[in-house]
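**Student:** My structure is in upload03.csv, and what it holds is CSV, C-alpha atoms and all ligand atoms:
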chain,number,residue,atom,x,y,z
A,1,MET,CA,11.8,-7.5,-8.3
A,2,LYS,CA,9.5,-4.5,-7.9
A,3,LYS,CA,8.5,-3.1,-4.5
A,4,ILE,CA,4.8,-2.8,-4.2
A,5,VAL,CA,2.9,-1.0,-1.5
A,6,VAL,CA,-0.9,-1.6,-1.3
A,7,LEU,CA,-3.3,0.8,0.3
A,8,ILE,CA,-6.6,-0.7,1.7
A,9,SER,CA,-9.6,0.3,3.8
A,10,GLY,CA,-11.6,-2.9,4.1
A,11,SER,CA,-11.8,-6.6,3.3
A,12,GLY,CA,-8.6,-6.8,1.2
A,13,SER,CA,-9.6,-9.6,-1.1
A,14,ASN,CA,-7.8,-7.8,-4.0
A,15,LEU,CA,-4.8,-7.4,-1.7
A,16,GLU,CA,-4.8,-11.2,-1.2
A,17,ALA,CA,-5.1,-11.7,-5.0
A,18,ILE,CA,-2.0,-9.5,-5.5
A,19,ILE,CA,-0.1,-11.3,-2.7
A,20,GLU,CA,-1.0,-14.7,-4.2
A,21,ALA,CA,0.2,-13.6,-7.7
A,22,CYS,CA,3.5,-12.5,-6.2
A,23,ASN,CA,3.9,-15.7,-4.2
A,24,THR,CA,3.3,-17.8,-7.3
A,25,ASN,CA,5.7,-15.7,-9.4
A,26,ARG,CA,3.0,-14.5,-11.7
A,27,ILE,CA,4.1,-11.0,-10.6
A,28,ASP,CA,7.8,-10.2,-10.5
A,29,GLY,CA,7.3,-8.1,-7.4
A,30,LYS,CA,6.7,-8.2,-3.7
A,31,VAL,CA,4.2,-6.5,-1.5
A,32,ILE,CA,6.6,-4.8,1.0
A,33,LYS,CA,3.9,-3.0,3.0
A,34,VAL,CA,0.1,-2.8,3.4
A,35,ILE,CA,-1.2,0.5,4.6
A,36,SER,CA,-4.7,0.9,5.9
A,37,ASN,CA,-6.5,4.0,7.0
A,38,ASP,CA,-8.9,1.8,9.1
A,39,PRO,CA,-7.4,0.0,12.1
A,40,ASN,CA,-10.2,-2.6,11.8
A,41,ALA,CA,-9.7,-3.4,8.1
A,42,TYR,CA,-9.9,-7.2,7.6
A,43,GLY,CA,-7.2,-6.9,4.9
A,44,LEU,CA,-4.7,-6.3,7.8
A,45,LYS,CA,-5.4,-9.8,9.0
A,46,ARG,CA,-5.0,-11.2,5.5
A,47,ALA,CA,-1.6,-9.4,5.2
A,48,SER,CA,-0.5,-10.9,8.5
A,49,LYS,CA,-1.4,-14.3,7.4
A,50,TYR,CA,1.2,-14.0,4.7
A,51,ASN,CA,3.7,-12.3,7.1
A,52,ILE,CA,3.5,-9.0,5.2
A,53,SER,CA,4.2,-6.0,7.3
A,54,THR,CA,1.3,-3.6,7.9
A,55,LYS,CA,0.9,0.0,8.9
A,56,ILE,CA,-2.2,1.8,10.1
A,57,ILE,CA,-2.4,5.5,9.3
A,58,ASP,CA,-5.8,6.3,10.7
A,59,HIS,CA,-7.2,9.5,9.0
A,60,LYS,CA,-9.4,10.1,12.0
A,61,LYS,CA,-6.3,10.8,14.1
A,62,PHE,CA,-5.4,13.8,12.1
A,63,LEU,CA,-6.8,17.3,12.4
A,64,SER,CA,-7.0,17.9,8.7
A,65,ARG,CA,-7.0,16.0,5.4
A,66,ILE,CA,-3.7,17.6,4.4
A,67,ASP,CA,-2.0,16.5,7.7
A,68,TYR,CA,-3.2,13.0,7.1
A,69,GLU,CA,-1.9,13.0,3.5
A,70,ASN,CA,1.4,14.6,4.5
A,71,SER,CA,1.9,11.8,7.0
A,72,LEU,CA,0.9,9.2,4.4
A,73,GLU,CA,3.2,10.7,1.8
A,74,GLU,CA,6.1,10.8,4.2
A,75,TYR,CA,5.6,7.2,5.1
A,76,ILE,CA,5.3,6.0,1.5
A,77,ASP,CA,8.4,7.9,0.7
A,78,SER,CA,10.3,6.1,3.4
A,79,LEU,CA,9.4,2.8,1.6
A,80,SER,CA,10.7,3.9,-1.9
A,81,PRO,CA,8.1,1.8,-3.7
A,82,ASP,CA,8.1,1.1,-7.4
A,83,LEU,CA,4.3,0.8,-7.5
A,84,ILE,CA,1.5,1.9,-5.1
A,85,VAL,CA,-1.8,0.1,-5.6
A,86,LEU,CA,-5.1,1.5,-4.2
A,87,ALA,CA,-7.0,-1.7,-3.8
A,88,GLY,CA,-10.3,-0.9,-2.0
A,89,PHE,CA,-8.8,2.3,-0.5
A,90,MET,CA,-11.8,4.4,0.2
A,91,ARG,CA,-10.2,7.8,0.9
A,92,ILE,CA,-10.0,10.6,-1.7
A,93,LEU,CA,-6.4,11.8,-2.1
A,94,GLY,CA,-5.6,15.4,-2.8
A,95,PRO,CA,-3.5,17.0,-5.6
A,96,LYS,CA,-0.2,17.1,-3.6
A,97,ILE,CA,0.1,13.4,-3.0
A,98,THR,CA,-1.5,12.3,-6.3
A,99,SER,CA,0.7,14.5,-8.5
A,100,LYS,CA,3.8,13.3,-6.7
A,101,TYR,CA,3.0,9.7,-7.4
A,102,SER,CA,1.0,10.1,-10.6
A,103,SER,CA,3.3,7.8,-12.6
A,104,LYS,CA,3.4,5.0,-10.0
A,105,MET,CA,0.0,5.0,-8.3
A,106,ILE,CA,-2.9,3.0,-9.7
A,107,ASN,CA,-6.5,2.6,-8.5
A,108,LEU,CA,-9.0,-0.1,-8.9
A,109,HIS,CA,-12.6,1.1,-9.3
A,110,PRO,CA,-15.7,-1.0,-9.7
A,111,SER,CA,-17.3,0.6,-12.7
A,112,LEU,CA,-16.7,1.2,-16.3
A,113,LEU,CA,-15.3,4.7,-15.9
A,114,PRO,CA,-16.1,7.4,-16.8
A,115,ALA,CA,-19.5,5.9,-15.7
A,116,TYR,CA,-20.1,6.0,-12.0
A,117,PRO,CA,-17.2,7.4,-10.2
A,118,GLY,CA,-17.6,7.4,-6.4
A,119,LEU,CA,-19.7,5.0,-4.3
A,120,ASN,CA,-22.5,2.5,-4.9
A,121,THR,CA,-21.6,1.7,-8.4
A,122,HIS,CA,-23.3,-1.7,-8.5
A,123,GLU,CA,-26.6,-0.2,-7.2
A,124,LYS,CA,-26.4,2.4,-9.9
A,125,VAL,CA,-25.8,-0.1,-12.6
A,126,LEU,CA,-28.9,-2.1,-11.5
A,127,SER,CA,-31.2,0.9,-11.0
A,128,ASN,CA,-30.3,2.2,-14.4
A,129,LYS,CA,-30.8,-1.2,-15.9
A,130,ASP,CA,-27.4,-1.1,-17.6
A,131,ALA,CA,-26.6,-4.0,-19.9
A,132,TYR,CA,-22.9,-4.1,-18.9
A,133,HIS,CA,-20.9,-3.5,-15.7
A,134,GLY,CA,-17.3,-3.9,-15.0
A,135,ILE,CA,-14.1,-2.6,-13.4
A,136,SER,CA,-11.5,0.0,-14.3
A,137,ILE,CA,-7.8,0.2,-13.4
A,138,HIS,CA,-6.2,3.6,-13.9
A,139,TYR,CA,-3.3,5.8,-13.0
A,140,VAL,CA,-4.4,8.1,-10.2
A,141,SER,CA,-5.0,11.8,-10.7
A,142,SER,CA,-6.3,14.4,-8.2
A,143,GLU,CA,-9.8,14.0,-9.7
A,144,LEU,CA,-11.9,11.3,-8.0
A,145,ASP,CA,-11.8,7.9,-9.9
A,146,ALA,CA,-10.3,9.6,-12.9
A,147,GLY,CA,-6.8,9.6,-14.4
A,148,PRO,CA,-5.5,7.7,-17.4
A,149,LEU,CA,-7.2,4.4,-18.0
A,150,ILE,CA,-5.1,1.3,-18.2
A,151,ALA,CA,-7.6,-1.5,-18.4
A,152,GLN,CA,-11.3,-2.4,-18.1
A,153,GLY,CA,-12.9,-5.8,-17.3
A,154,ILE,CA,-16.5,-6.1,-18.6
A,155,ILE,CA,-19.4,-8.4,-17.7
A,156,LYS,CA,-22.9,-8.6,-19.0
A,157,VAL,CA,-25.5,-7.8,-16.3
A,158,GLY,CA,-27.9,-10.8,-16.0
A,159,LYS,CA,-31.6,-10.4,-16.4
A,160,ASP,CA,-33.1,-9.7,-12.9
A,161,GLU,CA,-29.6,-10.1,-11.5
A,162,LYS,CA,-29.4,-9.5,-7.7
A,163,LEU,CA,-27.0,-7.1,-6.2
A,164,ASP,CA,-25.1,-9.8,-4.2
A,165,ASN,CA,-24.5,-11.8,-7.3
A,166,LEU,CA,-23.3,-8.9,-9.3
A,167,ILE,CA,-20.9,-7.8,-6.6
A,168,LYS,CA,-19.6,-11.4,-6.4
A,169,ARG,CA,-18.9,-11.5,-10.2
A,170,ILE,CA,-17.2,-8.1,-10.1
A,171,HIS,CA,-14.9,-9.3,-7.4
A,172,LYS,CA,-14.0,-12.3,-9.4
A,173,ILE,CA,-12.9,-10.3,-12.4
A,174,GLU,CA,-11.0,-7.9,-10.1
A,175,HIS,CA,-9.1,-10.8,-8.7
A,176,ILE,CA,-8.1,-11.8,-12.2
A,177,LEU,CA,-7.5,-8.5,-14.0
A,178,LEU,CA,-5.7,-6.5,-11.3
A,179,PRO,CA,-2.9,-9.0,-10.8
A,180,GLU,CA,-2.5,-9.3,-14.6
A,181,ILE,CA,-2.1,-5.5,-14.9
A,182,ILE,CA,0.3,-5.3,-12.0
A,183,LYS,CA,2.4,-8.0,-13.6
A,184,GLU,CA,2.7,-6.0,-16.8
A,185,ILE,CA,3.6,-2.8,-14.9
A,186,CYS,CA,6.2,-4.7,-13.0
A,187,ASN,CA,7.6,-6.0,-16.3
A,188,ASN,CA,7.7,-2.4,-17.6
A,189,ASN,CA,5.2,-3.3,-20.3
A,190,ILE,CA,2.8,-0.6,-19.1
A,191,TYR,CA,3.9,2.8,-17.9
A,192,LEU,CA,2.8,6.4,-17.9
A,193,ASP,CA,4.4,8.9,-20.2
A,194,ASN,CA,3.1,12.5,-19.9
A,195,GLU,CA,-0.5,11.5,-19.0
A,196,ASP,CA,-0.5,8.9,-21.7
A,197,VAL,CA,-0.5,5.2,-20.9
A,198,LYS,CA,2.0,3.3,-23.0
A,199,PHE,CA,1.7,-0.4,-23.7
A,200,LEU,CA,4.6,-2.6,-24.9
A,201,ASN,CA,4.2,-6.2,-26.1
A,202,ILE,CA,0.5,-6.1,-25.4
A,203,SER,CA,-2.1,-6.4,-28.1
A,204,LEU,CA,-4.8,-3.8,-27.7
A,205,ASN,CA,-7.0,-4.7,-30.7
A,206,ASN,CA,-7.2,-1.1,-31.9
A,207,GLN,CA,-8.3,0.1,-28.5
A,208,LYS,CA,-6.6,2.8,-26.4
A,209,LEU,CA,-6.6,0.6,-23.3
A,210,ILE,CA,-6.8,-3.1,-22.4
A,211,LYS,CA,-10.5,-4.3,-22.6
A,212,LYS,CA,-11.4,-7.8,-21.5
A,213,SER,CA,-14.9,-9.3,-21.5
A,214,TYR,CA,-15.6,-12.1,-19.0
A,215,GLU,CA,-18.3,-14.7,-18.9
A,216,ILE,CA,-18.2,-15.3,-15.2
B,1,LIG,C1,-13.4,-3.5,-4.7
B,1,LIG,O1,-14.5,-3.9,-5.3
B,1,LIG,C2,-12.9,-2.2,-5.3
B,1,LIG,O2,-13.1,-2.2,-6.7
B,1,LIG,C3,-13.6,-1.2,-4.6
B,1,LIG,O3,-13.7,-1.6,-3.2
B,1,LIG,C4,-13.7,-3.0,-3.2
B,1,LIG,C5,-12.6,-3.5,-2.2
B,1,LIG,O4,-12.7,-4.9,-2.1
B,1,LIG,N1,-13.0,0.1,-4.7
B,1,LIG,C6,-13.6,1.3,-4.7
B,1,LIG,O5,-14.8,1.4,-4.6
B,1,LIG,C7,-12.7,2.5,-4.8
B,1,LIG,N2,-13.4,3.6,-5.4
B,1,LIG,P1,-11.5,-5.6,-1.3
B,1,LIG,O6,-11.2,-4.8,0.0
B,1,LIG,O7,-12.1,-7.0,-0.9
B,1,LIG,O8,-10.3,-5.7,-2.2
Before we go any further, please render this structure as structure tokens.
Ligand code: GAR
**Tutor:**
Amino acid sequence: MKKIVVLISGSGSNLEAIIEACNTNRIDGKVIKVISNDPNAYGLKRASKYNISTKIIDHKKFLSRIDYENSLEEYIDSLSPDLIVLAGFMRILGPKITSKYSSKMINLHPSLLPAYPGLNTHEKVLSNKDAYHGISIHYVSSELDAGPLIAQGIIKVGKDEKLDNLIKRIHKIEHILLPEIIKEICNNNIYLDNEDVKFLNISLNNQKLIKKSYEI
């Protein structure tokens, strides 16, 4: 059973989807720790509901970004995780920590990367009248919301769709696809090999990554 550490900053709905998938044996793994940079993150309450141990490492308590990251790194090291999932973790991590964990740290991002790294992705999709929106799951590199792509979930943007609705639909596909990908990583069917994502026993339909379209 793989040891999973989840980093959050906010609501933690994706964290809960991961915990539920572990609890129902869809993922052969266990969330051994939830780390939040925000002491008020609602995700900490969700973790406690499942008796999962939490740790707050508040970036505001550190004099510099590197001090914060060193402390985070030291703490993660002490847990010896197999997989580190950034699930709504809203801090940018620098090259030292990202290169150390590059093969075992994944990030969930609410856009079809390389489109719209950073914040306010849903607003950007709507203001640009994009036909499609979605989510990306990728191995982490020191570049913001970059790094080798593992999977994308795609939805069609509705005509005159409102922001709230779009966000709700994006969350729905996150809660489906992220646990599925974590499952495959825990089963050693997805791994990183020299910057290349390798897929075993997974049909890619001639694509370089997993792409799934949802009618949700
Ligand atoms: C998710 O939509 C995730 O894609 C996004 O934050 C949300 C967290 O929701 N992540 C990013 O924007 C990272 N760049 P949650 O706290 O309910 O899981």
**Student:** Could you build a table of the residues in region 91-127 of chain A lying no more than 8 Å from region 66-79 of chain A, giving for each the nearest pair of atoms and their separation in Å rounded to one decimal place, using all atoms listed in the file, ordered by chain and ascending residue number, as CSV?
**Tutor:**
residue,atom,partner,partner_atom,distance
A:Leu93,CA,A:Glu69,CA,7.3
A:Gly94,CA,A:Glu69,CA,7.7
A:Ile97,CA,A:Glu73,CA,6.3
**Student:** Which chains and residue numbers are within 9 Å of ligand LIG 1 (chain B), counting all atoms listed in the file, if I want them as an MDAnalysis selection string?
**Tutor:** chainID A and resid 8:17 41:43 86:92 107:111 117:121 135:137 144:145 167 170:171 174:175
**Student:** Using all atoms listed in the file, pick whichever of A:Leu163, A:Val34, A:Val125, A:Val6 has the shortest atom-to-atom distance to Thr54 (chain A).
**Tutor:**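 Smallest distance to Thr54 (chain A) is found for A:Val34.
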**Student:** Looking at A:Lys198, A:Asn40, A:Asn205, A:Ser213, which one is nearest to Leu177 (chain A), with distances taken over only C-alpha atoms?
**Tutor:** A:Ser213
**Student:** What does the distance from CA of Gly147 (chain A) to CA of Ser102 (chain A) come to in Å, to one decimal?
**Tutor:**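 Spanning CA of Gly147 (chain A) to CA of Ser102 (chain A) is a straight-line distance of 8.7 Å.
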**Student:** I'd like to know which of A:Val85, A:Ala146, A:Val140, A:Leu126 is closest to Lys162 (chain A), using all atoms listed in the file.
**Tutor:**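 The answer is A:Leu126, which sits nearest to Lys162 (chain A).
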**Student:** Looking at all atoms listed in the file, which of A:Ser142, A:Asn189, A:Phe62, A:Tyr50 is the one that sits closest to Thr98 (chain A)?
**Tutor:**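 Using all atoms listed in the file, Thr98 (chain A) sits closest to A:Ser142.
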**Student:** Compare A:Pro114, A:Pro179, A:Pro39, A:Gly134 by their minimum atom-to-atom distance to Asn23 (chain A), counting all atoms listed in the file, and give me the closest one.
**Tutor:** A:Pro179
**Student:** If I take CA of Ile190 (chain A) and CA of Ser53 (chain A), how far is one from the other in Å, to one decimal?
**Tutor:**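 Between these atoms lies a distance of 27.0 Å.
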**Student:** From the list A:Leu192, A:Leu63, A:Leu83, A:Leu7, which residue is nearest Ser103 (chain A) when using all atoms listed in the file?
**Tutor:**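 So, comparing all the options, the nearest one is A:Leu192.
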**Student:** Could you name the residues that touch His138 (chain A) at 6 Å or less, counting all atoms listed in the file, but leaving out those on the same chain fewer than 3 positions away, as a PyMOL selection string?
**Tutor:** chain A and resi 106-107+148-150
**Student:** For the residues in that selection, give me C-alpha atoms as an mmCIF file, keeping the file's coordinate frame.
**Tutor:**
data_model
loop_
_atom_site.group_PDB
_atom_site.id
_atom_site.type_symbol
_atom_site.label_atom_id
_atom_site.label_comp_id
_atom_site.auth_asym_id
_atom_site.auth_seq_id
_atom_site.Cartn_x
_atom_site.Cartn_y
_atom_site.Cartn_z
ATOM 1 C CA ILE A 106 -2.900 3.000 -9.700
ATOM 2 C CA ASN A 107 -6.500 2.600 -8.500
ATOM 3 C CA PRO A 148 -5.500 7.700 -17.400
ATOM 4 C CA LEU A 149 -7.200 4.400 -18.000
ATOM 5 C CA ILE A 150 -5.100 1.300 -18.200
#
**Student:** When you draw a straight line from CA of Ile182 (chain A) to CA of Ile57 (chain A), how long is it in Å?
**Tutor:**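 CA of Ile57 (chain A) lies at a distance of 24.0 Å from CA of Ile182 (chain A).
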**Student:** Could you work out an axis-aligned bounding box for all listed atoms of region 44-59 of chain A, with 6 Å added on each of the six sides, and give its centre and edge lengths in Å to one decimal, as AutoDock Vina command-line options?
**Tutor:**
--center_x -1.5 --center_y -2.4 --center_z 7.7 --size_x 23.4 --size_y 35.8 --size_z 18.0
**Student:** Skip Tyr132 (chain A) itself and residues of its chain fewer than 5 positions away, then list as a list in words all residues within 9 Å of it, counting all atoms listed in the file.
**Tutor:**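 Residues meeting the cut-off are Leu112, Val125, Ile154, Ile155, Lys156, Val157 and Gly158 of chain A.
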